[in-house]
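Trainee: What follows is coords_29.txt; its format and atoms are compact mmCIF, C-alpha atoms and all ligand atoms.
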# COMPACT_ATOMS: atom_id res chain seq x y z
CA MET A 1 18.14 6.36 3.15
CA ASN A 2 18.20 3.02 1.31
CA GLY A 3 17.04 -0.32 2.72
CA GLY A 4 20.55 -1.43 3.63
CA ALA A 5 21.26 1.77 5.58
CA LEU A 6 17.96 1.50 7.46
CA GLU A 7 18.74 -2.13 8.34
CA LYS A 8 22.10 -0.98 9.72
CA GLN A 9 20.29 1.65 11.75
CA VAL A 10 18.00 -0.89 13.44
CA GLU A 11 20.95 -3.22 14.00
CA PHE A 12 22.75 -0.45 15.91
CA GLY A 13 19.51 0.52 17.60
CA PHE A 14 19.03 -3.05 18.79
CA GLN A 15 22.56 -3.17 20.20
CA ALA A 16 21.95 0.10 22.04
CA GLN A 17 18.56 -0.97 23.36
CA PHE A 18 19.29 -4.54 24.41
CA GLY A 19 23.08 -4.68 24.69
CA THR A 20 23.51 -7.55 22.20
CA ALA A 21 23.51 -7.92 18.43
CA PRO A 22 20.18 -8.98 16.86
CA ALA A 23 19.83 -12.53 15.48
CA VAL A 24 18.19 -11.31 12.25
CA THR A 25 17.42 -8.08 10.42
CA SER A 26 15.02 -7.49 7.52
CA PHE A 27 13.69 -4.74 5.29
CA ALA A 28 10.51 -4.35 3.24
CA PRO A 29 9.75 -1.41 0.93
CA GLY A 30 6.64 0.71 0.64
CA ARG A 31 4.83 1.00 -2.70
CA VAL A 32 3.35 3.67 -4.89
CA ASN A 33 0.28 2.68 -6.88
CA LEU A 34 0.36 3.87 -10.50
CA LEU A 35 -3.15 2.79 -11.58
CA GLY A 36 -6.09 0.77 -10.22
CA GLU A 37 -7.37 2.16 -6.93
CA HIS A 38 -9.87 0.20 -4.83
CA THR A 39 -10.04 -2.38 -7.60
CA ASP A 40 -8.18 -5.01 -5.56
CA TYR A 41 -11.02 -6.01 -3.21
CA ASN A 42 -13.23 -6.07 -6.30
CA GLY A 43 -11.17 -8.76 -8.05
CA GLY A 44 -9.73 -6.28 -10.55
CA TYR A 45 -6.31 -5.23 -11.85
CA VAL A 46 -3.74 -3.03 -10.11
CA LEU A 47 -0.40 -1.55 -11.16
CA PRO A 48 1.69 -0.79 -8.06
CA MET A 49 5.45 -0.23 -7.87
CA ALA A 50 7.54 -1.19 -4.82
CA LEU A 51 9.68 1.80 -3.82
CA GLN A 52 13.44 1.68 -4.01
CA ASN A 53 14.55 3.39 -0.82
CA LEU A 54 11.57 3.94 1.42
CA GLY A 55 10.45 1.17 3.74
CA VAL A 56 10.54 -0.48 7.14
CA ALA A 57 13.50 -2.28 8.77
CA VAL A 58 13.39 -4.66 11.71
CA ALA A 59 16.08 -6.17 13.96
CA MET A 60 15.01 -9.11 16.12
CA ASP A 61 16.04 -11.91 18.43
CA ALA A 62 14.29 -14.48 20.58
CA GLY A 63 15.80 -13.27 23.83
CA ALA A 64 12.73 -11.94 25.70
CA PRO A 65 11.00 -13.98 28.41
CA PRO A 66 8.79 -16.66 26.79
CA ALA A 67 5.40 -15.46 25.58
CA LYS A 68 6.38 -11.76 25.79
CA ILE A 69 7.22 -9.38 22.96
CA GLU A 70 9.15 -6.17 23.48
CA ILE A 71 9.16 -3.77 20.54
CA PHE A 72 11.08 -0.50 20.37
CA SER A 73 10.17 1.85 17.53
CA MET A 74 13.09 4.16 16.76
CA THR A 75 10.77 6.23 14.59
CA LEU A 76 8.22 6.87 17.34
CA GLY A 77 10.74 6.69 20.22
CA GLU A 78 8.32 4.33 21.96
CA THR A 79 8.43 0.85 23.48
CA ALA A 80 5.48 -1.56 23.41
CA LYS A 81 5.33 -4.66 25.58
CA ARG A 82 2.75 -7.26 24.61
CA LYS A 83 1.90 -10.86 25.49
CA VAL A 84 2.28 -13.16 22.50
CA THR A 85 -1.24 -14.55 22.94
CA GLU A 86 -3.19 -11.34 23.51
CA GLY A 87 -5.74 -9.91 21.10
CA PRO A 88 -5.65 -6.59 19.19
CA SER A 89 -5.82 -3.32 21.14
CA GLU A 90 -5.86 -0.65 18.39
CA HIS A 91 -2.17 0.07 18.97
CA TRP A 92 0.56 0.16 16.30
CA SER A 93 2.08 -2.97 17.84
CA ASP A 94 -1.03 -4.93 16.72
CA TYR A 95 0.57 -5.31 13.28
CA VAL A 96 3.60 -6.97 14.89
CA LEU A 97 1.59 -9.16 17.22
CA GLY A 98 -0.75 -10.35 14.44
CA CYS A 99 2.23 -11.35 12.28
CA VAL A 100 3.93 -13.23 15.11
CA GLN A 101 0.71 -15.12 15.91
CA THR A 102 0.25 -16.03 12.24
CA VAL A 103 3.68 -17.62 11.95
CA ALA A 104 3.76 -19.56 15.22
CA ALA A 105 0.57 -21.64 15.04
CA GLU A 106 0.75 -23.15 18.53
CA PRO A 107 0.67 -20.55 21.34
CA SER A 108 2.85 -22.85 23.49
CA SER A 109 5.57 -22.86 20.82
CA ARG A 110 5.71 -19.07 20.66
CA LYS A 111 9.01 -17.81 21.94
CA GLY A 112 9.50 -14.40 23.47
CA LEU A 113 10.81 -11.81 21.04
CA ARG A 114 12.70 -8.51 21.24
CA MET A 115 12.75 -6.20 18.30
CA VAL A 116 13.67 -2.73 17.09
CA LEU A 117 11.83 -1.06 14.19
CA ALA A 118 12.45 2.00 12.06
CA THR A 119 10.65 3.35 9.02
CA SER A 120 11.60 5.85 6.37
CA LEU A 121 8.02 5.91 5.03
CA PRO A 122 5.69 8.70 6.09
CA LEU A 123 2.72 7.19 7.94
CA GLY A 124 -0.73 7.65 6.40
CA ALA A 125 0.62 8.86 3.06
CA GLY A 126 -0.92 6.04 1.04
CA LEU A 127 2.46 4.36 0.49
CA SER A 128 1.74 1.12 2.38
CA SER A 129 3.64 1.73 5.59
CA SER A 130 1.54 -0.96 7.29
CA ALA A 131 2.10 -3.58 4.57
CA ALA A 132 5.84 -2.84 4.70
CA LEU A 133 5.79 -3.31 8.48
CA GLU A 134 3.89 -6.61 8.18
CA VAL A 135 6.16 -7.99 5.47
CA ALA A 136 9.34 -6.89 7.28
CA ILE A 137 8.13 -8.56 10.50
CA LEU A 138 7.08 -11.75 8.69
CA ARG A 139 10.44 -11.90 6.89
CA ALA A 140 12.31 -11.56 10.18
CA VAL A 141 10.13 -13.98 12.19
CA THR A 142 10.13 -16.70 9.52
CA SER A 143 13.89 -16.41 9.20
CA LEU A 144 14.35 -16.52 12.99
CA PHE A 145 12.09 -19.59 13.39
CA GLY A 146 13.42 -21.32 10.23
CA ILE A 147 9.94 -21.35 8.62
CA HIS A 148 9.70 -21.34 4.83
CA MET A 149 7.07 -19.11 3.24
CA ASP A 150 7.36 -17.97 -0.36
CA ALA A 151 6.80 -14.30 -1.23
CA SER A 152 3.20 -14.83 -2.32
CA GLN A 153 2.28 -16.88 0.80
CA LEU A 154 3.86 -14.20 2.91
CA ALA A 155 1.77 -11.51 1.17
CA ARG A 156 -1.43 -13.47 1.82
CA ALA A 157 -0.47 -14.01 5.47
CA ALA A 158 0.16 -10.27 5.86
CA GLN A 159 -3.21 -9.42 4.30
CA ALA A 160 -4.92 -11.88 6.68
CA VAL A 161 -3.29 -10.11 9.65
CA GLU A 162 -4.61 -6.79 8.41
CA ASN A 163 -8.14 -8.16 7.71
CA ASP A 164 -8.61 -10.48 10.69
CA PHE A 165 -6.40 -9.05 13.44
CA VAL A 166 -6.09 -5.31 12.78
CA GLY A 167 -9.61 -5.14 11.33
CA MET A 168 -8.86 -3.26 8.11
CA PRO A 169 -10.76 -4.91 5.21
CA CYS A 170 -8.03 -4.21 2.62
CA GLY A 171 -7.35 -6.11 -0.60
CA ILE A 172 -4.10 -7.86 -1.53
CA MET A 173 -2.40 -5.12 -3.58
CA ASP A 174 -0.13 -3.61 -0.93
CA GLN A 175 1.17 -6.79 0.67
CA PHE A 176 1.63 -8.45 -2.73
CA SER A 177 3.58 -5.60 -4.30
CA VAL A 178 5.71 -5.14 -1.18
CA SER A 179 6.50 -8.86 -0.84
CA VAL A 180 6.63 -10.03 -4.47
CA GLY A 181 7.41 -6.89 -6.48
CA THR A 182 10.85 -5.71 -7.51
CA PRO A 183 11.62 -2.20 -6.17
CA GLY A 184 11.52 0.35 -8.96
CA LYS A 185 9.51 -1.88 -11.33
CA ALA A 186 5.74 -1.68 -11.77
CA LEU A 187 3.84 -4.92 -11.20
CA PHE A 188 0.68 -5.69 -13.19
CA LEU A 189 -1.44 -7.87 -10.92
CA ASN A 190 -4.74 -9.64 -11.41
CA THR A 191 -5.99 -9.59 -7.83
CA ARG A 192 -8.51 -12.40 -8.45
CA THR A 193 -6.02 -14.98 -9.76
CA LEU A 194 -2.79 -13.39 -8.42
CA GLU A 195 -1.29 -13.79 -11.91
CA HIS A 196 1.25 -11.02 -12.32
CA ALA A 197 3.86 -9.61 -14.64
CA ALA A 198 6.61 -7.02 -14.28
CA ALA A 199 5.91 -3.98 -16.45
CA PRO A 200 8.65 -2.18 -18.37
CA GLY A 201 9.60 1.36 -17.32
CA LEU A 202 9.18 4.41 -19.55
CA ALA A 203 12.48 5.57 -21.02
CA GLU A 204 13.36 9.22 -20.37
CA HIS A 205 10.51 9.57 -17.87
CA ALA A 206 10.23 9.34 -14.10
CA PHE A 207 7.51 9.07 -11.49
CA LEU A 208 7.50 11.81 -8.85
CA VAL A 209 5.98 10.89 -5.51
CA VAL A 210 4.90 13.95 -3.54
CA ASP A 211 3.28 13.75 -0.11
CA SER A 212 0.46 16.29 0.28
CA GLY A 213 1.08 16.43 4.03
CA VAL A 214 -2.61 15.69 4.62
CA SER A 215 -2.67 12.29 6.19
CA HIS A 216 -5.44 9.75 6.50
CA GLN A 217 -6.21 6.93 8.89
CA LEU A 218 -7.83 4.23 6.79
CA THR A 219 -9.32 2.25 9.66
CA ASP A 220 -11.24 5.38 10.73
CA SER A 221 -12.01 6.60 7.26
CA GLY A 222 -14.52 5.66 4.64
CA TYR A 223 -12.46 2.68 3.43
CA ALA A 224 -14.76 0.11 5.08
CA THR A 225 -17.77 2.05 3.82
CA ARG A 226 -16.46 1.79 0.25
CA VAL A 227 -15.91 -1.98 0.67
CA ALA A 228 -19.51 -2.33 1.95
CA GLU A 229 -20.90 -0.19 -0.90
CA CYS A 230 -19.17 -2.40 -3.48
CA LYS A 231 -20.60 -5.50 -1.82
CA ALA A 232 -24.08 -3.97 -1.88
CA ALA A 233 -23.65 -3.10 -5.59
CA CYS A 234 -22.61 -6.72 -6.31
CA GLU A 235 -25.67 -8.06 -4.50
CA ALA A 236 -28.00 -5.71 -6.35
CA LEU A 237 -26.50 -6.68 -9.72
CA GLY A 238 -26.14 -10.39 -8.98
CA VAL A 239 -22.37 -10.54 -9.58
CA LYS A 240 -19.59 -11.88 -7.36
CA ASP A 241 -17.10 -9.09 -8.09
CA LEU A 242 -17.59 -5.66 -9.67
CA SER A 243 -14.59 -6.44 -11.90
CA GLU A 244 -16.86 -8.90 -13.77
CA LEU A 245 -18.53 -5.80 -15.27
CA ASP A 246 -17.21 -3.56 -18.03
CA HIS A 247 -18.27 -0.41 -19.87
CA GLY A 248 -20.81 -2.51 -21.80
CA ASP A 249 -22.72 -2.92 -18.53
CA GLU A 250 -23.38 0.81 -18.14
CA ASP A 251 -27.17 0.43 -18.42
CA ARG A 252 -27.18 -2.08 -15.56
CA ILE A 253 -24.92 0.15 -13.46
CA ASN A 254 -27.28 3.09 -14.09
CA THR A 255 -30.13 1.15 -12.44
CA LEU A 256 -28.27 1.18 -9.09
CA PRO A 257 -29.23 3.83 -6.54
CA ALA A 258 -26.65 6.54 -5.74
CA PRO A 259 -23.93 6.27 -4.56
CA LEU A 260 -23.67 2.56 -5.53
CA ASN A 261 -23.91 3.47 -9.23
CA LYS A 262 -20.91 5.82 -8.90
CA ARG A 263 -18.88 3.28 -6.94
CA ALA A 264 -19.47 0.57 -9.55
CA ARG A 265 -18.68 3.05 -12.35
CA HIS A 266 -15.35 3.83 -10.70
CA VAL A 267 -14.33 0.19 -10.38
CA VAL A 268 -15.21 -0.55 -14.02
CA THR A 269 -13.43 2.61 -15.20
CA ASP A 270 -10.23 2.22 -13.17
CA ASN A 271 -10.04 -1.50 -13.94
CA LYS A 272 -10.02 -0.70 -17.67
CA LEU A 273 -7.55 2.19 -17.22
CA THR A 274 -5.19 -0.22 -15.45
CA GLN A 275 -5.30 -2.76 -18.28
CA ASP A 276 -4.80 0.02 -20.83
CA GLY A 277 -1.97 1.37 -18.67
CA PHE A 278 -0.11 -1.93 -18.73
CA ALA A 279 -0.48 -1.98 -22.53
CA ALA A 280 0.84 1.61 -22.71
CA LEU A 281 3.90 0.67 -20.62
CA GLN A 282 4.55 -2.30 -22.89
CA ALA A 283 4.31 0.00 -25.91
CA GLY A 284 6.58 2.59 -24.24
CA ASP A 285 3.81 5.18 -24.69
CA ALA A 286 4.37 7.75 -21.93
CA ALA A 287 1.81 10.26 -23.24
CA THR A 288 -0.99 7.68 -23.07
CA PHE A 289 0.10 6.44 -19.66
CA GLY A 290 0.05 9.99 -18.30
CA ARG A 291 -3.42 10.61 -19.68
CA LEU A 292 -4.69 7.39 -18.07
CA MET A 293 -3.26 8.48 -14.71
CA SER A 294 -5.16 11.76 -14.87
CA GLU A 295 -8.36 9.94 -15.89
CA SER A 296 -7.86 7.62 -12.93
CA HIS A 297 -7.64 10.62 -10.59
CA ALA A 298 -10.85 12.02 -12.10
CA THR A 299 -12.85 8.86 -11.41
CA ALA A 300 -11.38 8.62 -7.89
CA ARG A 301 -12.58 12.19 -7.33
CA CYS A 302 -16.00 12.12 -9.01
CA ASN A 303 -17.16 8.52 -8.68
CA TYR A 304 -15.33 7.07 -5.70
CA GLU A 305 -15.08 10.39 -3.83
CA ILE A 306 -11.81 9.52 -2.10
CA THR A 307 -9.71 12.57 -2.98
CA VAL A 308 -9.35 15.76 -0.92
CA PRO A 309 -8.93 19.40 -2.05
CA GLU A 310 -5.18 19.29 -1.28
CA THR A 311 -4.48 16.26 -3.50
CA ASP A 312 -6.80 17.61 -6.22
CA ALA A 313 -4.84 20.87 -6.18
CA LEU A 314 -1.46 19.10 -6.22
CA VAL A 315 -2.49 16.93 -9.16
CA ALA A 316 -3.69 20.00 -11.09
CA ALA A 317 -0.48 21.89 -10.25
CA ALA A 318 1.68 18.94 -11.37
CA GLU A 319 -0.15 18.86 -14.70
CA ARG A 320 0.31 22.64 -15.13
CA ALA A 321 4.01 22.28 -14.29
CA GLY A 322 4.57 19.84 -17.13
CA ALA A 323 3.56 16.38 -15.85
CA LEU A 324 2.12 14.07 -18.50
CA GLY A 325 -0.43 12.95 -15.91
CA ALA A 326 -0.88 12.74 -12.14
CA ARG A 327 -3.12 11.16 -9.55
CA GLN A 328 -3.62 10.63 -5.85
CA THR A 329 -2.16 7.24 -4.90
CA GLY A 330 -3.22 4.69 -2.29
CA GLY A 331 -6.28 4.27 -0.10
CA GLY A 332 -7.37 7.89 -0.30
CA TRP A 333 -8.55 10.89 1.70
CA GLY A 334 -5.18 12.58 1.34
CA GLY A 335 -1.66 11.19 1.31
CA ALA A 336 0.68 11.28 -1.66
CA ILE A 337 0.23 11.97 -5.34
CA VAL A 338 2.25 10.40 -8.15
CA ALA A 339 3.05 12.27 -11.36
CA LEU A 340 4.66 11.11 -14.59
CA VAL A 341 7.23 13.66 -15.74
CA PRO A 342 10.05 13.94 -18.29
CA ALA A 343 13.17 12.72 -16.44
CA THR A 344 15.11 15.89 -17.21
CA ALA A 345 12.40 18.08 -15.67
CA ALA A 346 11.74 15.87 -12.61
CA GLU A 347 13.73 17.87 -10.03
CA LYS A 348 12.44 21.18 -11.34
CA ILE A 349 8.79 20.11 -11.27
CA GLY A 350 9.25 18.57 -7.81
CA ALA A 351 10.82 21.77 -6.47
CA LYS A 352 8.03 23.87 -7.98
CA LEU A 353 5.33 21.79 -6.30
CA VAL A 354 7.05 21.88 -2.92
CA ALA A 355 7.47 25.65 -3.19
CA GLN A 356 3.81 26.08 -4.06
CA PHE A 357 2.41 23.78 -1.33
CA PRO A 358 4.07 24.42 2.05
CA LYS A 359 2.92 21.10 3.54
CA ALA A 360 4.06 19.06 0.51
CA LYS A 361 7.24 16.98 0.50
CA LEU A 362 9.04 15.36 -2.43
CA LEU A 363 9.50 11.75 -1.34
CA ALA A 364 10.84 9.92 -4.37
CA VAL A 365 11.81 10.24 -8.01
CA THR A 366 11.72 6.77 -9.50
C1 LIG A 401 -5.21 0.54 0.63
C2 LIG A 401 -5.47 -0.96 0.75
C3 LIG A 401 -5.33 -1.67 -0.61
C4 LIG A 401 -6.10 -0.96 -1.70
C5 LIG A 401 -5.82 0.54 -1.69
C6 LIG A 401 -6.70 1.28 -2.66
O1 LIG A 401 -3.87 0.78 0.33
O2 LIG A 401 -4.61 -1.54 1.67
O3 LIG A 401 -5.71 -3.02 -0.48
O4 LIG A 401 -7.48 -1.24 -1.60
O5 LIG A 401 -6.02 1.09 -0.39
O6 LIG A 401 -6.40 0.94 -3.95
Re-express the file's structure as structure tokens.

Mentor:
Amino acid sequence: MNGGALEKQVEFGFQAQFGTAPAVTSFAPGRVNLLGEHTDYNGGYVLPMALQNLGVAVAMDAGAPPAKIEIFSMTLGETAKRKVTEGPSEHWSDYVLGCVQTVAAEPSSRKGLRMVLATSLPLGAGLSSSAALEVAILRAVTSLFGIHMDASQLARAAQAVENDFVGMPCGIMDQFSVSVGTPGKALFLNTRTLEHAAAPGLAEHAFLVVDSGVSHQLTDSGYATRVAECKAACEALGVKDLSELDHGDEDRINTLPAPLNKRARHVVTDNKLTQDGFAALQAGDAATFGRLMSESHATARCNYEITVPETDALVAAAERAGALGARQTGGGWGGAIVALVPATAAEKIGAKLVAQFPKAKLLAVT
């Protein structure tokens, strides 16, 4: 279902739920990351691509009693009722509440809101369902309140909600690619300066996104541990960000105790692969790009230790089935893989993987 169709769905859902048409609707896509994993909170490079048809849609109006928010999720079939001023409570509606509080600075000026949500993104698949939710909510609330925020400001506001309200110490990659990126086009982003450029696609090739069916919950997982390990490695080496290091610093990295040495090695390796990947896209070199993807999976597995047997097996199977390269995408510990394949073989390779892995699902060919 494309973004427009999902927006229609929440519009109808709103009418059915509240008996009136919504004042605004919005959509924000998910993203698949092609290269550069866990480099974003280390000031490094990333290469994500906003997805064309998978995302989150919201319908909203300001009709609820003041200071109350009523949210109906069509996807979960659940309603959440929250006070505009309350703090987080480890509930999915925290993402909504945090965004609303960010936009309306003065609690007294916060109007009551009613909203209906729906998502076509699988949750916990590493495709940024939470960033899509945040950006969709921020787009709707800013439009409803007549507040101007450009796409990059909106991305930073969404990241702040995730860091400070939800309590997930993520970097800027997801929110930035979802808010600023063009669906279907890879975005090369320097996460330290936020300089970015659209990357060209690879003619006659496609990216397959396959969910392993093994889902993660990043707030409960080792994500925060990895962030802390990188910080400890920086302190030990006397640098601000691990992305300041490169392969020439290997001797220094080797002096770190395990597992900090492996974590730093991953960041340096994937940061370089991402820069090389952007160059390969610019040169139209699919074979090199595929190889870099597989190398990126290897460092995620051996050095960062964020892959799981299911995604390792899917990546290997994709390569055997004719992919030029493949890797687990997103925060880790399961979720989706992305594989670069010849466009003419995309459906066949996708079908083969799904047949081989009963829990797997082909989500996108882009
Ligand atoms: C999650 C986070 C991102 C990024 C990725 C790993 O998606 O939200 O900021 O760190 O994991 O690359």

Trainee: Residues within 7 Å of ligand LIG 401 (chain A) should be enumerated using only C-alpha atoms and all ligand atoms and returned as a list in words.

Mentor: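 The residues within 7 Å of ligand LIG 401 (chain A), counting only C-alpha atoms and all ligand atoms, are Gly36, Glu37, His38, Thr39, Asp40, Tyr41, Gly126, Ser128, Cys170, Gly171, Ile172, Met173, Asp174, Gly330, Gly331 and Gly332 of chain A.
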
Trainee: Counting only C-alpha atoms, which of A:Gly248, A:Gly13, A:Gly112, A:Gly325 gets nearest to His297 of chain A?

Mentor: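 The shortest atom-to-atom distance to His297 of chain A comes from A:Gly325.
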
Trainee: Could you check the closest approach to Ala57 of chain A for each of A:Ala118, A:Met74, A:Val103, A:Val161 and tell me which residue wins, using all atoms listed in the file?

Mentor: A:Ala118

Trainee: Would you pick out the contacts of Thr182 of chain A at 12 Å or less, using only C-alpha atoms, so that residues sharing its chain but fewer than 6 positions from it are not included, and give the list as a PDB file with C-alpha atoms, in the frame of the given file?

Mentor:
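As a result, out22.pdb now contains:
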ATOM      1  CA  ALA A  28      10.510  -4.350   3.240  1.00  0.00           C
ATOM      2  CA  PRO A  29       9.750  -1.410   0.930  1.00  0.00           C
ATOM      3  CA  GLY A  30       6.640   0.710   0.640  1.00  0.00           C
ATOM      4  CA  ARG A  31       4.830   1.000  -2.700  1.00  0.00           C
ATOM      5  CA  PRO A  48       1.690  -0.790  -8.060  1.00  0.00           C
ATOM      6  CA  MET A  49       5.450  -0.230  -7.870  1.00  0.00           C
ATOM      7  CA  ALA A  50       7.540  -1.190  -4.820  1.00  0.00           C
ATOM      8  CA  LEU A  51       9.680   1.800  -3.820  1.00  0.00           C
ATOM      9  CA  GLN A  52      13.440   1.680  -4.010  1.00  0.00           C
ATOM     10  CA  ASN A  53      14.550   3.390  -0.820  1.00  0.00           C
ATOM     11  CA  ALA A 151       6.800 -14.300  -1.230  1.00  0.00           C
ATOM     12  CA  PHE A 176       1.630  -8.450  -2.730  1.00  0.00           C
ATOM     13  CA  PHE A 188       0.680  -5.690 -13.190  1.00  0.00           C
ATOM     14  CA  HIS A 196       1.250 -11.020 -12.320  1.00  0.00           C
ATOM     15  CA  ALA A 197       3.860  -9.610 -14.640  1.00  0.00           C
ATOM     16  CA  ALA A 198       6.610  -7.020 -14.280  1.00  0.00           C
ATOM     17  CA  ALA A 199       5.910  -3.980 -16.450  1.00  0.00           C
ATOM     18  CA  PRO A 200       8.650  -2.180 -18.370  1.00  0.00           C
TER      19      PRO A 200
END

Trainee: I'd like the interatomic distance between atom CA of Met168 of chain A and atom CA of Gly43 of chain A, to a tenth of an Å.

Mentor: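 For atom CA of Met168 of chain A relative to atom CA of Gly43 of chain A, the distance reads 17.2 Å.
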
Trainee: Can you find the residues with an atom no farther than 10 Å from (-16.1, 3.0, -15.0), counting all atoms listed in the file, and report them as a PyMOL selection string?

Mentor: chain A and resi 245-250+253+261-273+296+299+303

Trainee: Could you check which residues have any atom within 7 Å of (1.0, 14.0, -8.8), counting only C-alpha atoms with coordinates taken straight from the file, and then list them as a PyMOL selection string?

Mentor: chain A and resi 208-210+314-315+318+326-328+337-339

Trainee: What is the distance between atom CA of Ala155 of chain A and atom CA of Leu54 of chain A, in Å to one decimal?

Mentor: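 Atom CA of Leu54 of chain A lies 18.3 Å from atom CA of Ala155 of chain A.
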
Trainee: Which residue gives the smallest distance to Ala345 of chain A among A:Ala283, A:Ala206, A:Ala186, A:Cys234, with all atoms listed in the file counted?

Mentor: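 Using all atoms listed in the file, the shortest distance to Ala345 of chain A belongs to A:Ala206.
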
Trainee: Quick one: of A:Arg301, A:Val166, A:Val180, A:Ala280, who's nearest to Ser89 of chain A, counting only C-alpha atoms?

Mentor: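 Among the listed residues, the smallest separation from Ser89 of chain A belongs to A:Val166.
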
Trainee: Which one of A:Pro122, A:Gly146, A:Gly4, A:Pro169 sits closest to Tyr223 of chain A if you count only C-alpha atoms?

Mentor: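 Among the listed residues, A:Pro169 lies closest to Tyr223 of chain A.
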
Trainee: How many Å lie between atom CA of Thr85 of chain A and atom CA of Ile69 of chain A, rounded to one decimal?

Mentor: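 Those two atoms sit 9.9 Å apart.
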
Trainee: Would you please work out which residue, of A:Ala203, A:Ala258, A:Gly277, A:Thr329, is nearest to Thr344 of chain A when using all atoms listed in the file?

Mentor: A:Ala203

Trainee: Considering all atoms listed in the file, return as a PDB file with C-alpha atoms, in the frame of the given file whatever protein or nucleic-acid residues lie within 12 Å of Gly55 of chain A, sequence-local ones (same chain, fewer than 6 positions apart) excluded.

Mentor:
ATOM      1  CA  MET A   1      18.140   6.360   3.150  1.00  0.00           C
ATOM      2  CA  ASN A   2      18.200   3.020   1.310  1.00  0.00           C
ATOM      3  CA  GLY A   3      17.040  -0.320   2.720  1.00  0.00           C
ATOM      4  CA  GLY A   4      20.550  -1.430   3.630  1.00  0.00           C
ATOM      5  CA  ALA A   5      21.260   1.770   5.580  1.00  0.00           C
ATOM      6  CA  LEU A   6      17.960   1.500   7.460  1.00  0.00           C
ATOM      7  CA  GLU A   7      18.740  -2.130   8.340  1.00  0.00           C
ATOM      8  CA  SER A  26      15.020  -7.490   7.520  1.00  0.00           C
ATOM      9  CA  PHE A  27      13.690  -4.740   5.290  1.00  0.00           C
ATOM     10  CA  ALA A  28      10.510  -4.350   3.240  1.00  0.00           C
ATOM     11  CA  PRO A  29       9.750  -1.410   0.930  1.00  0.00           C
ATOM     12  CA  GLY A  30       6.640   0.710   0.640  1.00  0.00           C
ATOM     13  CA  ARG A  31       4.830   1.000  -2.700  1.00  0.00           C
ATOM     14  CA  VAL A  32       3.350   3.670  -4.890  1.00  0.00           C
ATOM     15  CA  THR A  75      10.770   6.230  14.590  1.00  0.00           C
ATOM     16  CA  LEU A 117      11.830  -1.060  14.190  1.00  0.00           C
ATOM     17  CA  ALA A 118      12.450   2.000  12.060  1.00  0.00           C
ATOM     18  CA  THR A 119      10.650   3.350   9.020  1.00  0.00           C
ATOM     19  CA  SER A 120      11.600   5.850   6.370  1.00  0.00           C
ATOM     20  CA  LEU A 121       8.020   5.910   5.030  1.00  0.00           C
ATOM     21  CA  PRO A 122       5.690   8.700   6.090  1.00  0.00           C
ATOM     22  CA  LEU A 123       2.720   7.190   7.940  1.00  0.00           C
ATOM     23  CA  LEU A 127       2.460   4.360   0.490  1.00  0.00           C
ATOM     24  CA  SER A 128       1.740   1.120   2.380  1.00  0.00           C
ATOM     25  CA  SER A 129       3.640   1.730   5.590  1.00  0.00           C
ATOM     26  CA  SER A 130       1.540  -0.960   7.290  1.00  0.00           C
ATOM     27  CA  ALA A 131       2.100  -3.580   4.570  1.00  0.00           C
ATOM     28  CA  ALA A 132       5.840  -2.840   4.700  1.00  0.00           C
ATOM     29  CA  LEU A 133       5.790  -3.310   8.480  1.00  0.00           C
ATOM     30  CA  GLU A 134       3.890  -6.610   8.180  1.00  0.00           C
ATOM     31  CA  VAL A 135       6.160  -7.990   5.470  1.00  0.00           C
ATOM     32  CA  ALA A 136       9.340  -6.890   7.280  1.00  0.00           C
ATOM     33  CA  VAL A 178       5.710  -5.140  -1.180  1.00  0.00           C
ATOM     34  CA  SER A 179       6.500  -8.860  -0.840  1.00  0.00           C
ATOM     35  CA  PRO A 183      11.620  -2.200  -6.170  1.00  0.00           C
ATOM     36  CA  LEU A 363       9.500  11.750  -1.340  1.00  0.00           C
ATOM     37  CA  ALA A 364      10.840   9.920  -4.370  1.00  0.00           C
TER      38      ALA A 364
END

Trainee: Would you pick out the contacts of Pro88 of chain A at 9 Å or less, using all atoms listed in the file, so that residues sharing its chain but fewer than 5 positions from it are not included, and give the list as a ChimeraX atom specification?

Mentor: /A:93-95,97-98,165-167
